[in-house]
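The data block below is query-v3.tsv; it holds TSV, C-alpha atoms.
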```tsv
chain	number	residue	atom	x	y	z
Y	1	MET	CA	58.40	-49.76	-37.18
Y	2	LEU	CA	59.30	-50.21	-33.51
Y	3	LEU	CA	57.95	-53.76	-33.35
Y	4	CYS	CA	59.78	-54.62	-36.57
Y	5	LEU	CA	63.07	-53.44	-35.04
Y	6	LEU	CA	62.46	-55.41	-31.85
Y	7	TYR	CA	61.46	-58.57	-33.69
Y	8	GLY	CA	64.37	-58.17	-36.07
Y	9	PHE	CA	66.73	-57.88	-33.10
Y	10	ARG	CA	65.15	-60.98	-31.55
Y	11	SER	CA	65.44	-62.94	-34.80
Y	12	VAL	CA	69.13	-62.19	-35.21
Y	13	ILE	CA	69.75	-63.18	-31.58
Y	14	CYS	CA	67.98	-66.48	-32.28
Y	15	VAL	CA	70.28	-67.05	-35.27
Y	16	PHE	CA	73.33	-66.49	-33.08
Y	17	HIS	CA	71.90	-68.81	-30.43
Y	18	SER	CA	71.18	-71.54	-32.96
Y	19	VAL	CA	74.79	-71.40	-34.17
Y	20	SER	CA	76.19	-71.42	-30.63
Y	21	ILE	CA	73.87	-73.87	-28.87
Y	22	PRO	CA	76.56	-76.44	-28.00
Y	23	ILE	CA	78.73	-73.72	-26.43
Y	24	LEU	CA	75.83	-72.14	-24.57
Y	25	LEU	CA	74.64	-75.45	-23.20
Y	26	THR	CA	78.14	-76.26	-22.01
Y	27	VAL	CA	78.36	-72.94	-20.19
Y	28	ASN	CA	74.89	-73.06	-18.72
Y	29	TYR	CA	74.81	-76.65	-17.56
Y	30	ASN	CA	78.40	-77.63	-16.89
Y	31	SER	CA	79.98	-74.44	-15.63
Y	32	ILE	CA	80.11	-73.84	-11.91
Y	33	ILE	CA	79.44	-70.53	-10.20
Y	34	LYS	CA	80.72	-69.50	-6.81
Y	35	ASP	CA	78.60	-67.79	-4.19
Y	36	SER	CA	79.49	-66.97	-0.63
Y	37	GLN	CA	78.95	-70.53	0.60
Y	38	HIS	CA	79.19	-73.22	-2.06
Y	39	LEU	CA	79.35	-74.19	-5.74
Y	40	PHE	CA	76.36	-74.94	-7.92
Y	41	ALA	CA	75.48	-75.63	-11.56
Y	42	VAL	CA	74.22	-72.69	-13.61
Y	43	PRO	CA	70.56	-72.93	-14.72
Y	44	GLU	CA	69.87	-71.82	-18.27
Y	45	THR	CA	68.34	-68.37	-18.91
Y	46	GLU	CA	67.01	-66.59	-22.00
Y	47	ASP	CA	68.12	-63.21	-23.36
Y	48	MET	CA	65.88	-60.23	-22.69
Y	49	VAL	CA	64.35	-59.70	-26.15
Y	50	THR	CA	63.67	-63.37	-26.83
Y	51	ALA	CA	62.11	-63.91	-23.42
Y	52	LEU	CA	59.79	-60.92	-23.82
Y	53	LEU	CA	58.83	-61.06	-27.50
Y	54	ASP	CA	58.95	-64.70	-28.53
Y	55	PRO	CA	55.35	-65.98	-28.11
Y	56	ARG	CA	56.68	-69.53	-27.83
Y	57	LYS	CA	58.54	-68.72	-24.63
Y	58	PRO	CA	56.78	-68.84	-21.24
Y	59	LYS	CA	56.02	-65.48	-19.68
Y	60	SER	CA	56.01	-64.34	-16.09
Y	61	THR	CA	53.71	-61.77	-14.52
Y	62	SER	CA	56.44	-59.13	-14.74
Y	63	ASP	CA	56.81	-59.85	-18.47
Y	64	TYR	CA	53.14	-59.12	-19.05
Y	65	MET	CA	53.46	-55.94	-17.00
Y	66	THR	CA	56.48	-54.84	-19.05
Y	67	LEU	CA	54.74	-55.60	-22.35
Y	68	THR	CA	51.66	-53.70	-21.17
Y	69	ILE	CA	53.74	-50.62	-20.34
Y	70	LEU	CA	55.56	-50.75	-23.68
Y	71	THR	CA	52.25	-51.12	-25.52
Y	72	SER	CA	50.86	-48.14	-23.61
Y	73	TYR	CA	53.77	-46.05	-24.88
Y	74	CYS	CA	52.86	-46.90	-28.47
Y	75	VAL	CA	49.16	-46.16	-27.88
Y	76	LEU	CA	50.05	-42.87	-26.18
Y	77	TYR	CA	52.20	-41.88	-29.15
Y	78	TYR	CA	49.26	-42.15	-31.54
Y	79	LEU	CA	46.80	-40.50	-29.15
Y	80	LEU	CA	48.91	-37.41	-28.47
Y	81	PRO	CA	48.78	-34.35	-30.73
Y	82	VAL	CA	51.65	-34.32	-33.22
Y	83	ASN	CA	53.24	-31.16	-31.81
Y	84	PHE	CA	53.21	-32.61	-28.27
Y	85	ARG	CA	54.64	-36.07	-28.96
Y	86	LYS	CA	58.26	-34.98	-29.01
Y	87	TRP	CA	58.23	-33.35	-25.59
Y	88	ALA	CA	56.10	-36.06	-23.98
Y	89	PHE	CA	58.45	-38.80	-25.07
Y	90	LEU	CA	61.49	-36.73	-24.26
Y	91	ALA	CA	60.19	-36.64	-20.67
Y	92	ILE	CA	59.44	-40.39	-20.64
Y	93	TYR	CA	62.85	-41.17	-22.09
Y	94	ALA	CA	64.60	-38.88	-19.59
Y	95	VAL	CA	62.90	-40.72	-16.70
Y	96	SER	CA	63.80	-44.11	-18.21
Y	97	ARG	CA	67.43	-43.10	-18.77
Y	98	LEU	CA	67.74	-41.76	-15.22
Y	99	ALA	CA	66.17	-44.96	-13.92
Y	100	TYR	CA	68.80	-46.89	-15.87
Y	101	ASN	CA	71.99	-44.95	-15.19
Y	102	GLY	CA	70.93	-43.42	-11.87
Y	103	GLY	CA	68.58	-46.02	-10.38
Y	104	LEU	CA	70.22	-49.24	-11.54
Y	105	GLY	CA	73.61	-47.59	-11.10
Y	106	TYR	CA	72.92	-46.84	-7.45
Y	107	VAL	CA	71.50	-50.32	-6.78
Y	108	LEU	CA	74.46	-52.02	-8.46
Y	109	TYR	CA	76.99	-49.83	-6.65
Y	110	GLN	CA	75.41	-50.69	-3.31
Y	111	GLN	CA	75.32	-54.36	-4.24
Y	112	SER	CA	78.95	-54.36	-5.35
Y	113	PHE	CA	80.40	-52.68	-2.25
Y	114	HIS	CA	77.84	-53.52	0.43
Y	115	LYS	CA	75.89	-56.54	-0.90
Y	116	SER	CA	72.74	-54.56	-0.20
Y	117	LEU	CA	70.33	-56.66	-2.27
Y	118	THR	CA	71.57	-60.01	-1.05
Y	119	ARG	CA	71.66	-58.74	2.54
Y	120	TRP	CA	68.04	-57.59	2.14
Y	121	ALA	CA	67.05	-60.98	0.72
Y	122	ALA	CA	68.78	-62.76	3.59
Y	123	SER	CA	67.35	-60.55	6.35
Y	124	SER	CA	63.81	-60.57	4.93
Y	125	ARG	CA	63.99	-64.34	4.26
Y	126	VAL	CA	61.95	-63.65	1.16
Y	127	PHE	CA	63.20	-66.83	-0.56
Y	128	ASN	CA	62.78	-69.05	2.52
Y	129	LYS	CA	59.80	-71.39	2.54
Y	130	PRO	CA	57.32	-70.22	5.21
Y	131	GLY	CA	56.64	-72.47	8.15
Y	132	PRO	CA	53.19	-73.79	9.09
Y	133	ASN	CA	52.69	-70.93	11.54
Y	134	SER	CA	53.60	-68.18	9.08
Y	135	SER	CA	51.08	-65.49	8.25
Y	136	ALA	CA	48.91	-65.65	5.15
Y	137	LEU	CA	50.71	-62.59	3.79
Y	138	ARG	CA	54.11	-64.25	4.14
Y	139	ARG	CA	52.91	-67.39	2.40
Y	140	SER	CA	51.33	-65.32	-0.38
Y	141	VAL	CA	54.53	-63.29	-0.95
Y	142	PHE	CA	56.64	-66.46	-1.05
Y	143	LYS	CA	54.28	-68.12	-3.54
Y	144	THR	CA	54.16	-65.02	-5.76
Y	145	ILE	CA	57.95	-64.66	-5.90
Y	146	LYS	CA	58.47	-68.39	-6.44
Y	147	ASN	CA	55.98	-68.42	-9.34
Y	148	GLU	CA	57.53	-65.28	-10.80
Y	149	LEU	CA	61.09	-66.58	-10.79
Y	150	SER	CA	60.20	-70.14	-11.83
Y	151	ALA	CA	57.88	-69.18	-14.69
Y	152	LYS	CA	60.62	-68.80	-17.32
Y	153	MET	CA	63.12	-71.33	-16.00
Y	154	GLY	CA	63.71	-74.91	-17.14
Y	155	ASN	CA	63.94	-78.19	-15.29
Y	156	ASP	CA	67.51	-77.40	-14.24
Y	157	TYR	CA	66.23	-74.68	-11.88
Y	158	ASN	CA	64.86	-75.29	-8.41
Y	159	PHE	CA	63.73	-72.17	-6.55
Y	160	GLU	CA	64.22	-73.69	-3.12
Y	161	THR	CA	67.69	-75.19	-3.63
Y	162	VAL	CA	69.67	-72.61	-5.62
Y	163	PRO	CA	71.68	-70.13	-3.52
Y	164	LEU	CA	70.14	-66.91	-2.32
Y	165	GLU	CA	72.52	-64.91	-4.53
Y	166	TYR	CA	71.15	-66.54	-7.67
Y	167	ASN	CA	67.50	-65.92	-6.81
Y	168	THR	CA	68.34	-62.32	-5.90
Y	169	TRP	CA	69.92	-61.90	-9.33
Y	170	LEU	CA	66.82	-63.35	-11.04
Y	171	LEU	CA	64.60	-60.93	-9.13
Y	172	PHE	CA	66.90	-58.03	-10.06
Y	173	ARG	CA	66.63	-59.04	-13.73
Y	174	ARG	CA	62.89	-58.30	-13.66
Y	175	MET	CA	63.61	-54.69	-12.80
Y	176	VAL	CA	66.32	-54.53	-15.46
Y	177	ASP	CA	63.95	-55.83	-18.15
Y	178	LEU	CA	61.38	-53.14	-17.42
Y	179	ILE	CA	63.86	-50.26	-17.23
Y	180	LEU	CA	65.96	-51.19	-20.26
Y	181	MET	CA	62.99	-51.96	-22.51
Y	182	SER	CA	61.31	-48.73	-21.40
Y	183	ASP	CA	64.53	-46.88	-22.18
Y	184	PHE	CA	64.75	-48.38	-25.67
Y	185	THR	CA	61.07	-48.01	-26.55
Y	186	SER	CA	60.72	-44.43	-25.34
Y	187	TYR	CA	63.90	-43.45	-27.22
Y	188	MET	CA	62.60	-44.98	-30.45
Y	189	LEU	CA	59.27	-43.20	-30.14
Y	190	PHE	CA	61.06	-39.95	-29.30
Y	191	ALA	CA	63.22	-40.41	-32.42
Y	192	LEU	CA	60.10	-41.05	-34.49
Y	193	ALA	CA	58.51	-37.87	-33.13
Y	194	CYS	CA	61.66	-35.89	-34.01
Y	195	GLY	CA	61.68	-37.08	-37.63
Y	196	SER	CA	61.52	-34.40	-40.31
Y	197	VAL	CA	62.44	-33.70	-43.94
Y	198	PRO	CA	64.71	-30.63	-44.11
Y	199	GLU	CA	63.60	-28.03	-46.61
Y	200	GLY	CA	65.87	-27.50	-49.57
Y	201	GLN	CA	67.87	-30.68	-49.03
Y	202	THR	CA	69.04	-32.31	-52.24
Y	203	MET	CA	68.09	-35.88	-53.03
Y	204	ALA	CA	71.76	-36.94	-52.90
Y	205	LEU	CA	72.15	-35.55	-49.38
Y	206	HIS	CA	68.86	-37.11	-48.34
Y	207	ILE	CA	69.93	-40.55	-49.60
Y	208	GLY	CA	73.39	-40.16	-48.04
Y	209	ARG	CA	71.90	-39.21	-44.68
Y	210	TRP	CA	69.62	-42.24	-44.61
Y	211	THR	CA	72.31	-44.59	-45.89
Y	212	ALA	CA	74.76	-43.49	-43.18
Y	213	GLY	CA	72.04	-43.74	-40.54
Y	214	ILE	CA	71.02	-47.25	-41.55
Y	215	LEU	CA	74.66	-48.39	-41.65
Y	216	LEU	CA	75.22	-47.01	-38.14
Y	217	PHE	CA	72.10	-48.81	-36.90
Y	218	PHE	CA	73.21	-52.18	-38.31
Y	219	PHE	CA	76.72	-51.64	-36.95
Y	220	ASN	CA	75.13	-50.95	-33.54
Y	221	LEU	CA	73.09	-54.14	-33.88
Y	222	TRP	CA	76.18	-56.19	-34.72
Y	223	VAL	CA	78.10	-54.73	-31.75
Y	224	LYS	CA	75.32	-55.63	-29.29
Y	225	LEU	CA	74.88	-59.12	-30.70
Y	226	ASP	CA	78.59	-59.87	-30.78
Y	227	ALA	CA	79.02	-58.52	-27.25
Y	228	HIS	CA	76.12	-60.67	-26.05
Y	229	ARG	CA	77.69	-63.70	-27.75
Y	230	VAL	CA	80.80	-63.19	-25.61
Y	231	VAL	CA	79.42	-62.13	-22.23
Y	232	LYS	CA	76.03	-63.89	-22.45
Y	233	ASP	CA	73.22	-63.27	-19.97
Y	234	TYR	CA	75.52	-63.57	-16.98
Y	235	ALA	CA	77.42	-60.35	-17.67
Y	236	TRP	CA	74.61	-58.71	-19.68
Y	237	TYR	CA	72.57	-58.63	-16.48
Y	238	TRP	CA	75.55	-57.78	-14.22
Y	239	GLY	CA	75.62	-61.28	-12.76
Y	240	ASP	CA	79.08	-60.85	-11.26
Y	241	PHE	CA	77.67	-58.25	-8.86
Y	242	PHE	CA	75.83	-61.19	-7.22
Y	243	PHE	CA	78.03	-64.26	-7.71
Y	244	LEU	CA	81.15	-65.29	-9.61
Y	245	GLU	CA	81.09	-67.75	-12.48
Y	246	ASP	CA	84.06	-70.08	-12.78
Y	247	LEU	CA	84.68	-70.03	-16.53
Y	248	GLU	CA	87.05	-68.46	-19.01
Y	249	LEU	CA	85.51	-66.00	-21.47
Y	250	CYS	CA	87.18	-65.51	-24.83
Y	251	PHE	CA	87.03	-61.77	-25.47
Y	252	ASP	CA	87.20	-61.90	-29.24
Y	253	GLY	CA	85.20	-60.15	-31.94
Y	254	ILE	CA	84.21	-56.60	-31.08
Y	255	PHE	CA	86.09	-56.79	-27.76
Y	256	GLU	CA	89.36	-57.04	-29.73
Y	257	LEU	CA	88.57	-53.76	-31.49
Y	258	VAL	CA	87.35	-51.42	-28.74
Y	259	PRO	CA	87.12	-51.46	-24.93
Y	260	HIS	CA	83.65	-51.63	-23.37
Y	261	PRO	CA	81.95	-51.94	-26.79
Y	262	MET	CA	78.40	-52.02	-25.42
Y	263	TYR	CA	78.88	-48.57	-23.89
Y	264	SER	CA	81.12	-46.99	-26.54
Y	265	VAL	CA	80.49	-47.96	-30.17
Y	266	GLY	CA	77.40	-49.82	-29.00
Y	267	TYR	CA	75.61	-46.47	-29.05
Y	268	ALA	CA	76.37	-45.75	-32.72
Y	269	GLY	CA	72.71	-46.34	-33.48
Y	270	TYR	CA	71.81	-43.19	-31.55
Y	271	TYR	CA	73.71	-41.11	-34.07
Y	272	GLY	CA	72.30	-43.15	-36.94
Y	273	PHE	CA	68.76	-42.33	-35.82
Y	274	SER	CA	69.74	-38.68	-35.40
Y	275	LEU	CA	70.88	-38.64	-39.02
Y	276	MET	CA	67.73	-40.35	-40.29
Y	277	ALA	CA	65.50	-38.04	-38.26
Y	278	ALA	CA	67.50	-34.98	-39.36
Y	279	SER	CA	67.05	-33.63	-35.84
Y	280	TYR	CA	69.55	-31.66	-33.76
Y	281	THR	CA	67.23	-32.14	-30.78
Y	282	LEU	CA	67.60	-35.91	-31.06
Y	283	LEU	CA	71.35	-35.58	-31.58
Y	284	PHE	CA	71.88	-33.50	-28.42
Y	285	VAL	CA	69.63	-35.79	-26.36
Y	286	SER	CA	71.58	-38.79	-27.71
Y	287	LEU	CA	74.87	-37.17	-26.73
Y	288	ALA	CA	73.56	-36.48	-23.22
Y	289	ALA	CA	72.30	-40.05	-22.87
Y	290	HIS	CA	75.61	-41.45	-24.11
Y	291	ALA	CA	77.44	-39.27	-21.58
Y	292	CYS	CA	75.21	-40.69	-18.83
Y	293	GLN	CA	76.17	-44.19	-19.96
Y	294	PHE	CA	79.86	-43.36	-19.70
Y	295	ALA	CA	79.24	-41.94	-16.23
Y	296	PHE	CA	77.60	-45.26	-15.32
Y	297	LEU	CA	80.68	-47.06	-16.64
Y	298	PHE	CA	83.20	-44.93	-14.74
Y	299	ILE	CA	81.27	-44.65	-11.46
Y	300	VAL	CA	79.70	-48.12	-11.20
Y	301	GLU	CA	81.23	-50.70	-13.51
Y	302	ASN	CA	84.93	-49.81	-13.54
Y	303	PRO	CA	85.25	-49.73	-9.70
Y	304	HIS	CA	83.42	-53.06	-9.52
Y	305	ILE	CA	85.69	-54.61	-12.16
Y	306	ALA	CA	88.78	-53.33	-10.37
Y	307	LYS	CA	87.54	-54.64	-7.01
Y	308	THR	CA	86.43	-58.02	-8.33
Y	309	TYR	CA	89.02	-58.97	-10.91
Y	310	SER	CA	92.22	-57.16	-9.93
Y	311	SER	CA	94.97	-59.56	-8.95
Y	312	PRO	CA	95.81	-59.53	-5.21
Y	313	PRO	CA	99.04	-57.77	-4.36
Y	314	LYS	CA	102.13	-59.97	-4.33
Y	315	SER	CA	103.55	-60.74	-0.91
Y	316	LYS	CA	106.91	-59.16	-0.23
```
Would you encode the structure as structure tokens?
Amino acid sequence: MLLCLLYGFRSVICVFHSVSIPILLTVNYNSIIKDSQHLFAVPETEDMVTALLDPRKPKSTSDYMTLTILTSYCVLYYLLPVNFRKWAFLAIYAVSRLAYNGGLGYVLYQQSFHKSLTRWAASSRVFNKPGPNSSALRRSVFKTIKNELSAKMGNDYNFETVPLEYNTWLLFRRMVDLILMSDFTSYMLFALACGSVPEGQTMALHIGRWTAGILLFFFNLWVKLDAHRVVKDYAWYWGDFFFLEDLELCFDGIFELVPHPMYSVGYAGYYGFSLMAASYTLLFVSLAAHACQFAFLFIVENPHIAKTYSSPPKSK
């Protein structure tokens, strides 16, 4: 079931990409992004689900590590006793959610206000080619990082010539992939463990509960896909915390209906799964997780948006 959902999500993304290829290519190859020193063309990147699950796409070492961890979750689910699955995956999901909203939130906040990641990359010279007198360890680290970041990129990417900010963002994306996919997978397995058939429920109520849940899931799917169509990988992976892209986004579709759709109505699927599972435990955990996401929005994203995109005060 979980793999079907992931592959279904990937397939719909591919449909959207196939419709929008001319636009995406224009953005990726012809747009210009600004870093602290100069302008450069944007190399093309793949979305998270396609990059991880499409066997036709090249994989990096971190991709294989992420897929191994996700597979271990599924194996663990079937190995655990039935009455222990719920609590085990509640714990795994809680850690993943805290890693997302707390861990990534802290890192992004520090990057937004103090440029912590890019300062670390600059001071450690981790992207600088080692000299002939460099230690074997330094050469090995450089080669490993270069292979990792170059593995999934096309001919428009050159590890040694793109700005430090861009490579730092690519490295940050590896951490995002692991945390977000762990968050999604552990939640789905937790939802599966919470599933039950309430005693005494009429067939009409049973059908209505599942129908509403499925509709909420597909609405959630549409929101995420439409939001990704607008913001693309650049904003999906918080690219503007690292560099600014000089293009005009058209905030149409779901963005015309609700503010911050990925964090608001983009969590409708949580309540759909709670309905299908007929579980108050899942519902309350979903509410808590959604609250954490709003905290991430108010504490991390909104201050960054205000700092980055607010118009400068008019001179008197």
Inset, instruction - Identify, on the basis of only C-alpha atoms, every residue whose closest approach to Lys57 of chain Y does not exceed 12 Å; exclude the query and any residue fewer than 6 positions from it along the same chain; express the result as a list in words. - result: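 Counting only C-alpha atoms, the residues come to Thr45, Glu46, Asp47, Met48, Val49, Thr50, Ala51, Asp63, Ala151, Lys152, Met153 and Gly154 of chain Y.
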Inset, instruction - Point out the residue among Y:Val42, Y:Ile305, Y:Val197, Y:Ala289 with the least atom-to-atom distance to Asp156 of chain Y, counting only C-alpha atoms. - result: Y:Val42
Inset, instruction - Find, counting all atoms listed in the file, the residue in Y:Thr161, Y:Gln293, Y:Ser286, Y:Ser96 that gets nearest to Ala41 of chain Y. - result: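 That would be Y:Thr161, the residue with the smallest distance to Ala41 of chain Y.
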Each segment 179-288 of chain Y residue no farther than 12 Å from segment 97-101 of chain Y, nearest pair in Å, all atoms listed in the file, as a Markdown table:
```
| residue | atom | partner | partner_atom | distance |
| --- | --- | --- | --- | --- |
| Y:Ile179 | CA | Y:Tyr100 | CA | 6.1 |
| Y:Leu180 | CA | Y:Tyr100 | CA | 6.8 |
| Y:Met181 | CA | Y:Tyr100 | CA | 10.2 |
| Y:Ser182 | CA | Y:Arg97 | CA | 8.7 |
| Y:Asp183 | CA | Y:Arg97 | CA | 5.9 |
| Y:Phe184 | CA | Y:Arg97 | CA | 9.1 |
| Y:Thr185 | CA | Y:Arg97 | CA | 11.2 |
| Y:Ser186 | CA | Y:Arg97 | CA | 9.5 |
| Y:Tyr187 | CA | Y:Arg97 | CA | 9.2 |
| Y:Tyr263 | CA | Y:Asn101 | CA | 11.7 |
| Y:Val285 | CA | Y:Arg97 | CA | 10.8 |
| Y:Ser286 | CA | Y:Arg97 | CA | 10.8 |
| Y:Ala288 | CA | Y:Arg97 | CA | 10.1 |
```
Legend entry - Residue contacts of Tyr234 of chain Y (10 Å, all atoms listed in the file) excluding same-chain residues fewer than 4 positions away, as a PyMOL selection string: chain Y and resi 28+42+45+47+169+228+238-241+243-245
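The shortest atom-to-atom distance to Thr71 of chain Y, with all atoms listed in the file taken into account, belongs to Y:Leu189 out of Y:Leu216, Y:Val223, Y:Ala306, Y:Leu189.
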Inset, instruction - Return the single residue from Y:Val300, Y:Val258, Y:Ala191, Y:Ala94 that is closest to Leu275 of chain Y, with distances computed using only C-alpha atoms. - result: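 Ranked by minimum distance to Leu275 of chain Y, first place goes to Y:Ala191.
Closest approach to Gly103 of chain Y among Y:Thr308, Y:Cys292, Y:Trp120, Y:Lys86: Y:Cys292, based on only C-alpha atoms.
Counting only C-alpha atoms and comparing Y:Phe190, Y:Tyr78, Y:Tyr309, Y:Tyr64, the residue that lies closest to Asp177 of chain Y is Y:Tyr64.
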Inset, instruction - Take atom CA of Thr118 of chain Y and atom CA of Thr168 of chain Y and report the distance between them in Å, one decimal. - result: 6.3 Å
Inset, instruction - Work out how far apart atom CA of Leu205 of chain Y and atom CA of Gly266 of chain Y are and give it in Å to one decimal. - result: 25.4 Å
Inset, instruction - Determine, counting all atoms listed in the file, which protein, DNA and RNA residues have an atom within 7 Å of an atom of Met276 of chain Y; residues of the same chain fewer than 6 positions away are not included. Present the result as a PyMOL selection string. - result: chain Y and resi 209-210+213
Inset, instruction - Please measure the separation of atom CA of Pro198 of chain Y and atom CA of Ala278 of chain Y, giving the value in Å to one decimal. - result: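 Between atom CA of Pro198 of chain Y and atom CA of Ala278 of chain Y the gap is 7.0 Å.
With distances taken from (59.0, -72.4, 1.7) and restricted to all atoms listed in the file, the residues inside 12 Å are Y:Arg125, Y:Val126, Y:Phe127, Y:Asn128, Y:Lys129, Y:Pro130, Y:Gly131, Y:Pro132, Y:Asn133, Y:Ser134, Y:Arg138, Y:Arg139, Y:Ser140, Y:Val141, Y:Phe142, Y:Lys143, Y:Thr144, Y:Ile145, Y:Lys146, Y:Phe159, Y:Glu160, Y:Thr161.
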Inset, instruction - Mind checking which residues fall within 9 Å of Glu301 of chain Y, counting only C-alpha atoms, ignoring those fewer than 6 positions away in the same chain, and posting them as a PyMOL selection string? - result: chain Y and resi 105+108-109
Write out N, CA and C atoms for segment 135-155 of chain Y, as a short mmCIF file (atom, residue, chain, number, x, y, z; two decimals), in the coordinates of the input.
```
data_model
loop_
_atom_site.label_atom_id
_atom_site.label_comp_id
_atom_site.auth_asym_id
_atom_site.auth_seq_id
_atom_site.Cartn_x
_atom_site.Cartn_y
_atom_site.Cartn_z
N SER Y 135 52.30 -66.23 8.59
CA SER Y 135 51.08 -65.49 8.25
C SER Y 135 50.68 -65.76 6.80
N ALA Y 136 49.42 -65.46 6.51
CA ALA Y 136 48.91 -65.65 5.15
C ALA Y 136 49.65 -64.73 4.18
N LEU Y 137 49.99 -63.52 4.64
CA LEU Y 137 50.71 -62.59 3.79
C LEU Y 137 52.08 -63.14 3.41
N ARG Y 138 52.78 -63.69 4.41
CA ARG Y 138 54.11 -64.25 4.14
C ARG Y 138 54.04 -65.40 3.16
N ARG Y 139 53.06 -66.27 3.32
CA ARG Y 139 52.91 -67.39 2.40
C ARG Y 139 52.55 -66.90 1.00
N SER Y 140 51.73 -65.86 0.92
CA SER Y 140 51.33 -65.32 -0.38
C SER Y 140 52.52 -64.68 -1.09
N VAL Y 141 53.35 -63.92 -0.36
CA VAL Y 141 54.53 -63.29 -0.95
C VAL Y 141 55.50 -64.35 -1.45
N PHE Y 142 55.72 -65.38 -0.65
CA PHE Y 142 56.64 -66.46 -1.05
C PHE Y 142 56.13 -67.14 -2.33
N LYS Y 143 54.85 -67.45 -2.37
CA LYS Y 143 54.28 -68.12 -3.54
C LYS Y 143 54.37 -67.25 -4.78
N THR Y 144 54.10 -65.94 -4.62
CA THR Y 144 54.16 -65.02 -5.76
C THR Y 144 55.57 -64.93 -6.32
N ILE Y 145 56.55 -64.77 -5.44
CA ILE Y 145 57.95 -64.66 -5.90
C ILE Y 145 58.43 -65.97 -6.51
N LYS Y 146 58.07 -67.09 -5.90
CA LYS Y 146 58.47 -68.39 -6.44
C LYS Y 146 57.88 -68.59 -7.83
N ASN Y 147 56.61 -68.28 -8.02
CA ASN Y 147 55.98 -68.42 -9.34
C ASN Y 147 56.61 -67.48 -10.36
N GLU Y 148 56.92 -66.27 -9.91
CA GLU Y 148 57.53 -65.28 -10.80
C GLU Y 148 58.89 -65.73 -11.30
N LEU Y 149 59.74 -66.20 -10.41
CA LEU Y 149 61.09 -66.58 -10.79
C LEU Y 149 61.13 -67.93 -11.51
N SER Y 150 60.20 -68.80 -11.22
CA SER Y 150 60.20 -70.14 -11.83
C SER Y 150 59.53 -70.17 -13.19
N ALA Y 151 58.73 -69.14 -13.50
CA ALA Y 151 57.88 -69.18 -14.69
C ALA Y 151 58.67 -69.38 -15.98
N LYS Y 152 59.85 -68.76 -16.07
CA LYS Y 152 60.62 -68.80 -17.32
C LYS Y 152 61.81 -69.75 -17.27
N MET Y 153 61.95 -70.48 -16.17
CA MET Y 153 63.12 -71.33 -16.00
C MET Y 153 62.80 -72.77 -16.42
N GLY Y 154 63.87 -73.53 -16.73
CA GLY Y 154 63.71 -74.91 -17.14
C GLY Y 154 63.78 -75.87 -15.98
N ASN Y 155 63.90 -77.14 -16.31
CA ASN Y 155 63.94 -78.19 -15.29
C ASN Y 155 65.23 -78.18 -14.47
#
```
